Structure formats: C-alpha cells, structure tokens
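Below is one structure, written out as structure tokens, with a few remarks after it.
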Amino acid sequence: MPDSSLNNGENADDSFYIFSPKPRIRFDNWHYQEILKKYVTELVTILGEKAWIMLVFLLHDAVKFSNRNPEIEEQKNSSPIWEDGSIYWRYTIEDNDRNYTLSDVRQILLEVVRDTAKQILEQDPTKIQNIVQKLEKQRWRIFHRIALYLIREYKDADPNLLVEKLVDSQRFKNTSSYEDYEYTQLLQENFAQLSIEKQEQILTWIENPELDWDWLEDQAEKAKWVRRWQQEKLTIIKDSLSTHWTEYYKDLVKEFGNIELSDIVSGGVDEVRLVGVNSPKTDSELESMSIEELVNFLRTWEPNSKDPFEEPSRSGLGSALARLAEKIPERYAQGAAKFKGLHARYISNLLRGLCQALNNQSRQQHEIKEFDWIPVLSLCNWLAEKSEELKECQTIYNEPNSNWLESFRTVVDLLGVGLSANTTAIPFDFRSQVWNILRVLTQHPDPTPEKEIQYHRSNNTYSQIAINTVRGEAMHTVVRYALWIRRYFEQIPGSAEQLARGFDEMPEVREVLDEHLNLDIEPSLAIRSVYGKWFPWLGLLDPLWANKSIGKIFPQDENCRNQRRAAWESYINYSGVYNNIFDLLSEEYLYTVEQLSEAYIDEQKLLTHTDQSLARHLITLYWRGKLNLDEPGGLLTRFFELASDALRGYALEFVGQSLKNTENQIDPKILNSLQLLWEKRLETACNSHEPSSYATELAAFGWWFGSAKFEDSWAIAQIKQILELVGKVDPDFLLLERLAVLADTMPELVIECLELMIKKDKSGWGIYGWRNETKTILSKAIQSSSYQARKTAENIIQDLGKRGHWEYRNLLPDSSSQ
C-alpha cells in the first residue's frame with residue numbers, strides 16, 4: 001500500500017494527495033520476485049541476450065508507467081537522458097543498505113536486469129560494449145546508471161569503452177553530480193589510469209567550467225558556486241592530483257570546509273544522511289524502554305521544525321517503532337491499548353509492524369508464541385471511533401487527517417491478516433468486537449468520488465483503488481470476516497446446517513453487501529470491483545444470495561455500464577476458473593464475448609489484461625469439458641468468431657504454454673479435445689479468403705509443437721501447413737529446438753519445414769538466430785538414409801551460401817563440396 005506522505009504528482013487541488021502511478025502485475029511483488037529468482041537464470045542460460053533484452057523492456061515499461069511527470073514529453077524532445085526519479089528509489093545499482101527498501105516492480109526488475117547482464121558477461125566479457133549499447137538505447141536514467149555499473153565491474157573487458165564514459169563532458173559537467181553515483185565512483189577509481197591527455201581534459205573542464213548558472217545574477221555569488229562545484233569535482237579525484245591541483249584543492253577546503261564522497265553522491269559507500277527517515281533514538285534505545293516509557297517519549301517528543309524533511313522526524317521515529325513491533329510482536333501487541341491518543345503516524349506504524357509480523361508468520365519466517373488480541377482490538381476500536389469523529393471533515397486528505405487515513409487503512413489490513421487461516425488468528429469469541437470496528441470503517445468517506453476519478457486517471461484500476469482506500473479495503477475485509485466465520489463452523493462436528501444457512505448465520509455481512517450494491521447509497525466503482533474479485537467466494541458463502549445478486553453486481557443495463565465493467569474486470573482478472581461459478585455466470589461470459597464485436601474493429605488493438613483473462617477462462621473451461629466446440633452460437637464459437645487475430649492467437653498460445661509447463665502426463669481426452677480445436681481453427685483459416693488475418697493465431701501453434709505432447713507426425717504436419725499458409729511459427733526458437741530433436745526420426749519432414757522457414761525469412765535475420773539448430777538439422781539430414789532429405793539439405797546449404805552464410809559448407813560431404 002502506498003504511503004500517503006509520498007506525493008510525486010500534481011494535485012488537482014489541495015484536498016488530497018495523488019499517488020504515483022504504479023505498473024501492474026498479476027500477483028504480489030514477493031511472488032513475482034521469487035519466480036524471477038527461480039527461473040530467470042536458467043532462461044538466460046538457454047536464450048542468452050534474447051531473454052535479457054526482454055527483461056530490459058520489462059524494466060523500461062515499469063519505469064515508464066511509474067512516471068507522471070508533466071515535463072516528460074518536453075524532456076523526451078530535448079534531453080538524451082530522461083529523468084526517472086531513480087535517485088529516490090534506487091540510490092546505487094549495486095546492493096547497498098542505503099537503497100530504498102520497498103521492493104516495488106522497478107526494484108525487482110532492476111536487480112534482475114543487472115544480475116543477468118553480469119551472468120552474460122561472466123561467460124563472455126567481450127560483450128560489454130553490446131550490452132552497454134542496448135542499455136543506453138533506453139533513454140531513462142536508470143539504464144545509463146546500470147551501464148556505468150557494468151563498465152565499472154568489467155572495466156578490463158573494454159578499456160576504450162571505460163575511457164569513453166569517463167571523458168563524457170555531459171556527465172562530468174552535471175551540476176548535480178549526486179544524481180550519478182555510478183559515474184562518480186567510476187571516475188574516482190579510474191582517473192589515475194587515464195592517459196595524461198585525458199586527465200588534462202577533465203582538469204580543463206574543472207578549471208574553466210561551462211555551466212548554465214545564469215539564474216545567479218550576483219557575480220560574486222556565482223563565482224562562489226563555481227568554486228564549490230570545483231571542490232566537489234576535485235574531491236572525487238583528490239588522491240590522483242598533481243602538486244599544483246592539490247594546492248588549489250586545499251585552498252578550496254579552507255574556504256568551504258572538508259567534504260567527503262558521501263556529501264557529493266547520494267547513497268555512497270560511506271555513511272550518508274537520508275532525509276526525513278532518521279529517528280531521534282536508535283532502535284536499541286527504544287527497545288530498552290518499557291512500554292510506558294516509550295509511549296511517554298512518543299507523546300512528548302517534538303521535531304525541531306514543522307518541515308517534514310527536518311531531521312530527526314516523526315517518520316523516522318515511526319519507522320523505528322514499526323521495526324520493533326515486527327521484531328517483538330508479542331510485547332507490542334500486549335501494550336497496544338496504551339498507544340491511544342498518540343500521533344496518527346506512530347499508531348499506523350505500530351499496527352503496520354504487527355501486521356508484518358503476522359505476515360512473516362504466515363510465510364513461516366517467524367514464530368509468534370503469544371499474540372494478545374484484546375489490547376490490539378481495543379486500539380483498533382479507538383481508531384474506528386476516531387474515524388467517526390473525522391467522518392464529516394471535508395478535508396480528509398489533508399494534514400493532519402491524511403495521517404489518520406493511513407491509520408484507518410492499517411486497521412483493516414491488520415484485521416484482514418488476523419482473519420486469515422494461516423496466522424495467529426483472531427479468536428472467534430471476539431466476533432462482535434471485530435464486526436463493530438469493521439462496520440464503522442465500511443462507512444468511511446475514503447474514497448471520495450473526486451479522489452477516485454483522479455486515481456483512475458493516473459492509470460490505477462478500480463481494484464487498485466479499492467485496496468488503497470479505507471472503505472475499499474474494509475469491504476475486502478468484510479468478505480474475509482465471512483470466510484473466517486465459515487471456517488469456524490467447518491471445524492464444528494455436525495455443522496452442515498449452519499454452513500447451508502449461508503448469510504442467515506451472518507446477517508450483518510448480508511446487510512453490508514446489500515447496502516453497498518445500492519447505487520443510491522454507494523457510487524464508488526472501486527467498491528463495485530470488490531464484489532467482482534470475491535464473487536467465487538461469495539458463491540461459496542451463500543450460493544442463493546450470489547445467484548440473486550448477479551444482476552446487481554454485473555448489470556447489463558447500458559446506464560450501469562461502468563459498474564459492470566469495474567466488477568467484471570476485477571472478477572475475470574483476479575479470480576480463478578471455477579466450474580460452479582461458471583454455471584452461475586455463463587450468461588455474463590456470453591454477454592462479454594458479444595461485446596468483442598465492438599471492441600475489436602481495429603485488429604491492431606493492443607490486448608489488455610482483461611482480454612487475455614477472458615481467453616484463459618474460456619480455454620480452461622473448454623478443456624475441462626464445460627464448453628462445446630461445435631455448438632452454433634455457443635460461447636466458444638462466438639469467441640472465435642468475434643475476437644481479433646491477436647486475441648485468438650493469445651488463446652492458442654495459452655494452450656501451448658500450459659501444455660509445455662505441464663510435466664505430468666496429460667489425459668488423452670484433453671489432448672484429443674485440444675487437437676479437435678486446433679483442426680477446426682486451421683480449417684477456418686484455410687477456408688478464409690484472407691488467411692493472413694489468421695497469421696497470429698496459427699503461428700501460436702509453435703507452443704503446441706514445442707510442448708511435445710502430441711503425436712509427432714501429426715504435429716509436424718501442422719507445422720508444415722502453417723508455414724505454407726502464413727509463413728511463420730512462433731516462437732521460432734522453440735520450433736527449431738523441437739525440429740532438431742525430430743530430425744533423427746523424420747528427417748524428410750523436418751528438412752522440408754526448415755526449407756520453408758528459410759525461404760519465408762525474407763529479411764534474412766532469422767537465420768542468424770537459428771544458426772545452431774539449423775546446423776544440427778542439416779547435419780542430421782545429410783547423414784540420414786533418406787536420399788530426399790540429403791538432397792534438400794544440400795540445396796539449403798547451397799542457397800545459404802549464395803546469401804553469404806558460408807559456414808554451412810563444412811556440413812557438405814566431400815563429394816558435394818568439390
């Protein structure tokens with residue numbers, strides 16, 4: 001959840017904060033990071049730079065979608081490097097304790113791009129120039145910083161490249177050198193190794209700086225700023241200065257005082273001062289206090305200034321409190337009630353620390369021996385009452401009320417974790433206390449309509465808005481509360497009757513759910529998204545209520561189009577595929593598919609997450625046997641009739657990727673049904689007047705072929721027909737790998753497919769990427785017992801030679817090469 005104190009965008013007015021936009025991923029950051037850690041090294045080992053470039057593009061998009069700077073468009077036209085704010089979220093490319101600890105998508109991808117580049121360079125350091133060039137083609141500053149980091153790490157790989165970057169006047173003359181830690185480090189470590197000529201070039205820049213400081217009208221003041229800049233630059237290379245420059249440097253030190261590298265670069269290896277995050281006492285000092293002493297200190301300590309960036313700060317003290325609560329949750333849970341009445345920042349940090357401790361326990365990272373919920377719920381109840389006091393306030397997003405917003409959100413976060421199954425759960429005896437707190441927060445005015453509009457304009461989905469607002473997260477927690485009650489009944493022998501009663505056993509839940517489905521009461525689309533995301537679980541809790549409420553949750557009335565979209569996108573993107581839920585929502589699926597005729601007039605339209613999720617749901621339901629392929633006007637039939645080539649291609653690619661990722665044997669019935677699906681799609685393309693309009697869809701068969709799950713002769717026959725029809729199969733690397741394997745047993749068909757691929761490769765670039773597999777296939781064909789395979793292989797080699805690919809001549813038998 002974003003910190004409401006961070007505001008990187010323009011405010012529409014002074015009534016609330018606008019968070020920076022965040023790139024969207026399909027699951028939480030922790031799992032994303034774990035997946036990358038587990039698989040990306042192997043991916044790069046197999047694909048090399050292709051995989052690394054894909055990661056570079058992902059990082060580029062993550063940075064792009066994280067920026068909402070009104071000056072970006074102007075910057076793109078005038079600057080070779082675009083500012084991305086990376087000095088704030090990543091002080092150094094190398095691992096460093098001073099780096100911002102929040103693991104957002106940019107941080108995760110940055111480290112993956114960095115480490116996989118090093119993986120490639122460890123195998124072949126001579127690729128450093130190529131790697132650097134590809135990084136610097138990306139204009140965001142973070143890529144240039146990664147490039148400098150790699151040059152520093154592999155400085156012996158290309159000395160000329162090192163010199164080129166050191167003697168870069170634009171970087172060196174930067175008046176804000178703290179923005180380029182990597183360049184500063186590179187210069188400090190390697191200035192002495194430069195030639196005398198290059199050293200003199202840099203010293204000339206220092207002696208006669210060409211700096212744009214026209215904003216300083218006072219010439220004496222301007223001269224002072226220049227000398228200060230000179231001192232900073234000389235500090236970087238002070239250990240390599242001549243006698244003359246050393247004396248000049250000493251004079252500057254006398255004038256301005258001594259400065260260290262950490263004073264020049266942000267996040268340096270020396271001790272640095274991080275603005276706004278320092279506590280007036282260390283963690284150890286705070287931990288040594290009793291709860292009463294700590295509360296008294298928090299109540300009486302005041303920062304020296306009202307400036308939020310003054311040191312030390314409430315933010316720094318609150319962060320220290322959160323760390324202690326996470327470290328010793330038993331102690332701080334027991335004393336939680338004593339924190340009533342303190343500054344909102346301290347309370348939210350205390351609860352956040354306790355919440356993180358419970359999350360750590362759920363991941364088996366920490367064992368909590370005893371967690372006293374009574375004082376914690378007492379503090380949460382006090383906060384709920386506080387929210388009622390502030391409810392009528394018209395400036396709920398301004399200080400000091402914005403601090404309270406964070407506290408209220410943290411309350412529902414903590415309750416949500418406490419209601420889950422795999423933590424130190426809240427005892428069921430506290431049901432009424434939990435509900436009293438939760439009920440109040442479902443009435444909180446956050447999000448206001450104005451805030452919701454601003455958030456949505458900032459590239460946030462309604463689901464994202466819901467989890468970052470008080471009322472939205474409280475509605476999520478209402479469903480968690482209902483599931484908590486259901487789990488309690490499940491543990492009681494003979495409780496089938498209570499479970500069957502659904503919301504009759506928890507009427508308070510039904511009352512709130514019905515209330516927020518009333519458009520006259522609840523205008524928020526973010527709240528509507530909660531119903532979509534949790535619909536499968538609402539169907540579990542009370543199938544009759546869920547069935548009766550479908551028309552309200554997913555209304556088909558044109559006047560409620562936005563309400564339907566908010567709920568449906570949340571459902572289709574974040575819910576799994578459940579047969580019983582499909583039985584309830586089959587008409588809603590069909591209604592959505594019918595809209596494709598409107599949404600996909602333009603075949604080049606980029607697919608959205610919702611497009612792809614719909615395709616995955618339908619394909620999954622098909623191979624489970626829930627959808628009939630041949631039903632006229634049926635759901636799957638209409639999907640393939642109305643969807644674009646890109647979306648149909650994604651659907652078939654999803655099938656192939658699922659097959660390839662399945663290690664266990666697949667039920668022959670499923671394979672047979674998938675084979676029938678493919679044959680019908682191929683037949684449709686063949687009978688079309690424009691087979692090219694099926695190119696993406698047909699090319700996706702490469703994943704099916706690469707999965708090796710189908711009978712080989714059938715699969716390769718499909719490949720040959722696709723190549724003849726549309727000229728490509730994706731992904732080509734997977735196709736070539738599989739063909740190379742099959743060349744042993746069916747050389748004639750394989751070599752025919754290779755011949756088609758090469759002929760269709762009009763640009764000539766493909767063959768460069770296929771070099772290894774092509775040599776393997778040609779070699780096996782020439783050595784086979786099939787005359788036709790040998791002859792075709794020899795013709796291919798001759799043709800490649802005419803194109804300038806002479807390395808294949810060595811594969812020819814002696815009689816053919818003479």
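Quick note on naming: the chains in the structure tokens go A, B, ... in the order shown, residues restart at 1 in each chain, and ligands are numbered from 1 in order of appearance.
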
Hey, what's within 12 Å of Val253 of chain A if we count only C-alpha atoms and toss same-chain stuff fewer than 2 positions away? As a ChimeraX atom specification, please? /A:227-232,234-235,238,246-251,255-260

Considering only C-alpha atoms, return as a ChimeraX atom specification whatever protein or nucleic-acid residues lie within 7 Å of Glu182 of chain A, sequence-local ones (same chain, fewer than 4 positions apart) excluded. /A:145,148-149,186

So, with only C-alpha atoms as the atoms that count, which of A:Leu483, A:Val417, A:Val412, A:Leu203 lies closest to Leu540 of chain A?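 Nearest to Leu540 of chain A: A:Leu483.
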
In terms of the shortest atom-to-atom distance over only C-alpha atoms, which of A:Thr41, A:Ser549, A:Gln718, A:Ser169 is closest to Leu585 of chain A?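 For Leu585 of chain A, the nearest of the given residues is A:Ser549.
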
Which neighbours of Gln498 of chain A fall inside 9 Å, counting only C-alpha atoms, when residues of the same chain fewer than 5 positions from it are skipped, and could you give them as a VMD selection string? chain A and resid 486 489 504 to 505

Excluding Val741 of chain A and residues on its chain fewer than 3 positions from it, collect all residues at most 10 Å away from it, counting only C-alpha atoms, and give them as a ChimeraX atom specification. /A:736-738,744-747,750,773,776-777,780

Applying 10 Å and only C-alpha atoms, which residues near Glu794 of chain A remain after dropping the ones on its own chain fewer than 3 positions away? List them as a PyMOL selection string. chain A and resi 778-779+781-782+788-791+797-800+808-809+811-813+816-817

Keeping only N, CA and C atoms, write the selected residues as a PDB file, in the first residue's frame.
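Saved the output as out_1.pdb:
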```pdb
ATOM      1  N   LEU A 778      20.591 -29.769 -40.487  1.00  0.00           N
ATOM      2  CA  LEU A 778      21.245 -30.054 -41.771  1.00  0.00           C
ATOM      3  C   LEU A 778      22.209 -31.226 -41.641  1.00  0.00           C
ATOM      4  N   SER A 779      22.956 -31.238 -40.564  1.00  0.00           N
ATOM      5  CA  SER A 779      23.927 -32.323 -40.363  1.00  0.00           C
ATOM      6  C   SER A 779      23.220 -33.671 -40.261  1.00  0.00           C
ATOM      7  N   ALA A 781      20.255 -34.443 -41.438  1.00  0.00           N
ATOM      8  CA  ALA A 781      19.629 -34.777 -42.721  1.00  0.00           C
ATOM      9  C   ALA A 781      20.645 -35.356 -43.694  1.00  0.00           C
ATOM     10  N   ILE A 782      21.839 -34.727 -43.734  1.00  0.00           N
ATOM     11  CA  ILE A 782      22.886 -35.192 -44.650  1.00  0.00           C
ATOM     12  C   ILE A 782      23.376 -36.588 -44.270  1.00  0.00           C
ATOM     13  N   GLN A 788      16.050 -38.102 -50.257  1.00  0.00           N
ATOM     14  CA  GLN A 788      15.333 -36.834 -50.399  1.00  0.00           C
ATOM     15  C   GLN A 788      15.782 -35.829 -49.328  1.00  0.00           C
ATOM     16  N   ALA A 789      15.964 -36.315 -48.095  1.00  0.00           N
ATOM     17  CA  ALA A 789      16.411 -35.432 -47.012  1.00  0.00           C
ATOM     18  C   ALA A 789      17.797 -34.899 -47.299  1.00  0.00           C
ATOM     19  N   ARG A 790      18.695 -35.779 -47.779  1.00  0.00           N
ATOM     20  CA  ARG A 790      20.069 -35.350 -48.083  1.00  0.00           C
ATOM     21  C   ARG A 790      20.066 -34.308 -49.193  1.00  0.00           C
ATOM     22  N   LYS A 791      19.277 -34.570 -50.224  1.00  0.00           N
ATOM     23  CA  LYS A 791      19.240 -33.659 -51.368  1.00  0.00           C
ATOM     24  C   LYS A 791      18.701 -32.282 -50.962  1.00  0.00           C
ATOM     25  N   ILE A 797      21.939 -25.698 -48.125  1.00  0.00           N
ATOM     26  CA  ILE A 797      23.292 -25.205 -47.868  1.00  0.00           C
ATOM     27  C   ILE A 797      23.789 -24.361 -49.042  1.00  0.00           C
ATOM     28  N   GLN A 798      23.504 -24.815 -50.256  1.00  0.00           N
ATOM     29  CA  GLN A 798      23.902 -24.032 -51.433  1.00  0.00           C
ATOM     30  C   GLN A 798      23.190 -22.673 -51.442  1.00  0.00           C
ATOM     31  N   ASP A 799      21.912 -22.680 -51.108  1.00  0.00           N
ATOM     32  CA  ASP A 799      21.145 -21.435 -51.080  1.00  0.00           C
ATOM     33  C   ASP A 799      21.675 -20.491 -50.002  1.00  0.00           C
ATOM     34  N   LEU A 800      22.011 -21.043 -48.832  1.00  0.00           N
ATOM     35  CA  LEU A 800      22.557 -20.215 -47.763  1.00  0.00           C
ATOM     36  C   LEU A 800      23.906 -19.630 -48.156  1.00  0.00           C
ATOM     37  N   TYR A 808      28.110 -22.961 -43.424  1.00  0.00           N
ATOM     38  CA  TYR A 808      27.389 -24.229 -43.548  1.00  0.00           C
ATOM     39  C   TYR A 808      28.044 -25.172 -44.566  1.00  0.00           C
ATOM     40  N   ARG A 809      28.990 -24.666 -45.367  1.00  0.00           N
ATOM     41  CA  ARG A 809      29.633 -25.506 -46.392  1.00  0.00           C
ATOM     42  C   ARG A 809      30.362 -26.691 -45.787  1.00  0.00           C
ATOM     43  N   LEU A 811      29.384 -28.639 -43.719  1.00  0.00           N
ATOM     44  CA  LEU A 811      28.480 -29.765 -43.465  1.00  0.00           C
ATOM     45  C   LEU A 811      28.331 -30.668 -44.687  1.00  0.00           C
ATOM     46  N   LEU A 812      28.695 -30.159 -45.852  1.00  0.00           N
ATOM     47  CA  LEU A 812      28.547 -30.951 -47.075  1.00  0.00           C
ATOM     48  C   LEU A 812      29.555 -32.100 -47.115  1.00  0.00           C
ATOM     49  N   PRO A 813      29.143 -33.239 -47.656  1.00  0.00           N
ATOM     50  CA  PRO A 813      30.118 -34.330 -47.845  1.00  0.00           C
ATOM     51  C   PRO A 813      31.173 -33.874 -48.849  1.00  0.00           C
ATOM     52  N   SER A 816      30.351 -33.306 -52.479  1.00  0.00           N
ATOM     53  CA  SER A 816      29.474 -32.194 -52.833  1.00  0.00           C
ATOM     54  C   SER A 816      30.181 -30.874 -52.757  1.00  0.00           C
ATOM     55  N   SER A 817      31.257 -30.802 -51.981  1.00  0.00           N
ATOM     56  CA  SER A 817      31.925 -29.518 -51.775  1.00  0.00           C
ATOM     57  C   SER A 817      33.014 -29.273 -52.790  1.00  0.00           C
TER      58      SER A 817
END
```

As an MDAnalysis selection string, which residues of segment 235-359 of chain A does DSSP assign to alpha helix (DSSP H)? chainID A and resid 235:236 243:256 261:264 283:287 291:300 314:327 329:334 344:359

So which residues touch Arg152 of chain A within 12 Å, counting only C-alpha atoms, skipping near sequence neighbours fewer than 3 positions away, as a PyMOL selection string? chain A and resi 93-94+118+128+132+145-149+155-159+161-163+165-166+181-190

Can you write just those residues out, C-alpha atoms, as an mmCIF file, in the first residue's frame?
```cif
data_model
loop_
_atom_site.group_PDB
_atom_site.id
_atom_site.type_symbol
_atom_site.label_atom_id
_atom_site.label_comp_id
_atom_site.auth_asym_id
_atom_site.auth_seq_id
_atom_site.Cartn_x
_atom_site.Cartn_y
_atom_site.Cartn_z
ATOM 1 C CA ILE A 93 22.816 -0.002 -8.679
ATOM 2 C CA GLU A 94 24.974 -2.233 -6.517
ATOM 3 C CA LYS A 118 26.560 -9.981 -15.282
ATOM 4 C CA ILE A 128 30.280 -5.461 -22.661
ATOM 5 C CA VAL A 132 26.047 -1.117 -22.829
ATOM 6 C CA ARG A 145 23.375 4.012 -14.471
ATOM 7 C CA ILE A 146 23.252 0.227 -14.966
ATOM 8 C CA ALA A 147 25.574 0.601 -17.965
ATOM 9 C CA LEU A 148 28.119 2.554 -15.890
ATOM 10 C CA TYR A 149 27.880 -0.017 -13.111
ATOM 11 C CA LYS A 155 36.497 -2.390 -16.721
ATOM 12 C CA ASP A 156 39.204 -4.658 -18.157
ATOM 13 C CA ALA A 157 36.859 -6.068 -20.800
ATOM 14 C CA ASP A 158 36.955 -2.943 -22.961
ATOM 15 C CA PRO A 159 39.404 -0.219 -21.814
ATOM 16 C CA LEU A 161 34.735 1.936 -23.513
ATOM 17 C CA LEU A 162 35.843 2.816 -19.993
ATOM 18 C CA VAL A 163 37.742 5.875 -21.225
ATOM 19 C CA LYS A 165 32.455 7.030 -20.474
ATOM 20 C CA LEU A 166 34.925 8.731 -18.148
ATOM 21 C CA TYR A 181 26.718 7.926 -8.185
ATOM 22 C CA GLU A 182 27.882 5.312 -10.682
ATOM 23 C CA TYR A 183 29.796 7.852 -12.789
ATOM 24 C CA THR A 184 31.363 9.400 -9.702
ATOM 25 C CA GLN A 185 32.586 6.024 -8.459
ATOM 26 C CA LEU A 186 33.888 5.120 -11.902
ATOM 27 C CA LEU A 187 35.839 8.374 -12.089
ATOM 28 C CA GLN A 188 37.244 8.095 -8.573
ATOM 29 C CA GLU A 189 38.559 4.576 -9.146
ATOM 30 C CA ASN A 190 39.952 5.054 -12.657
#
```
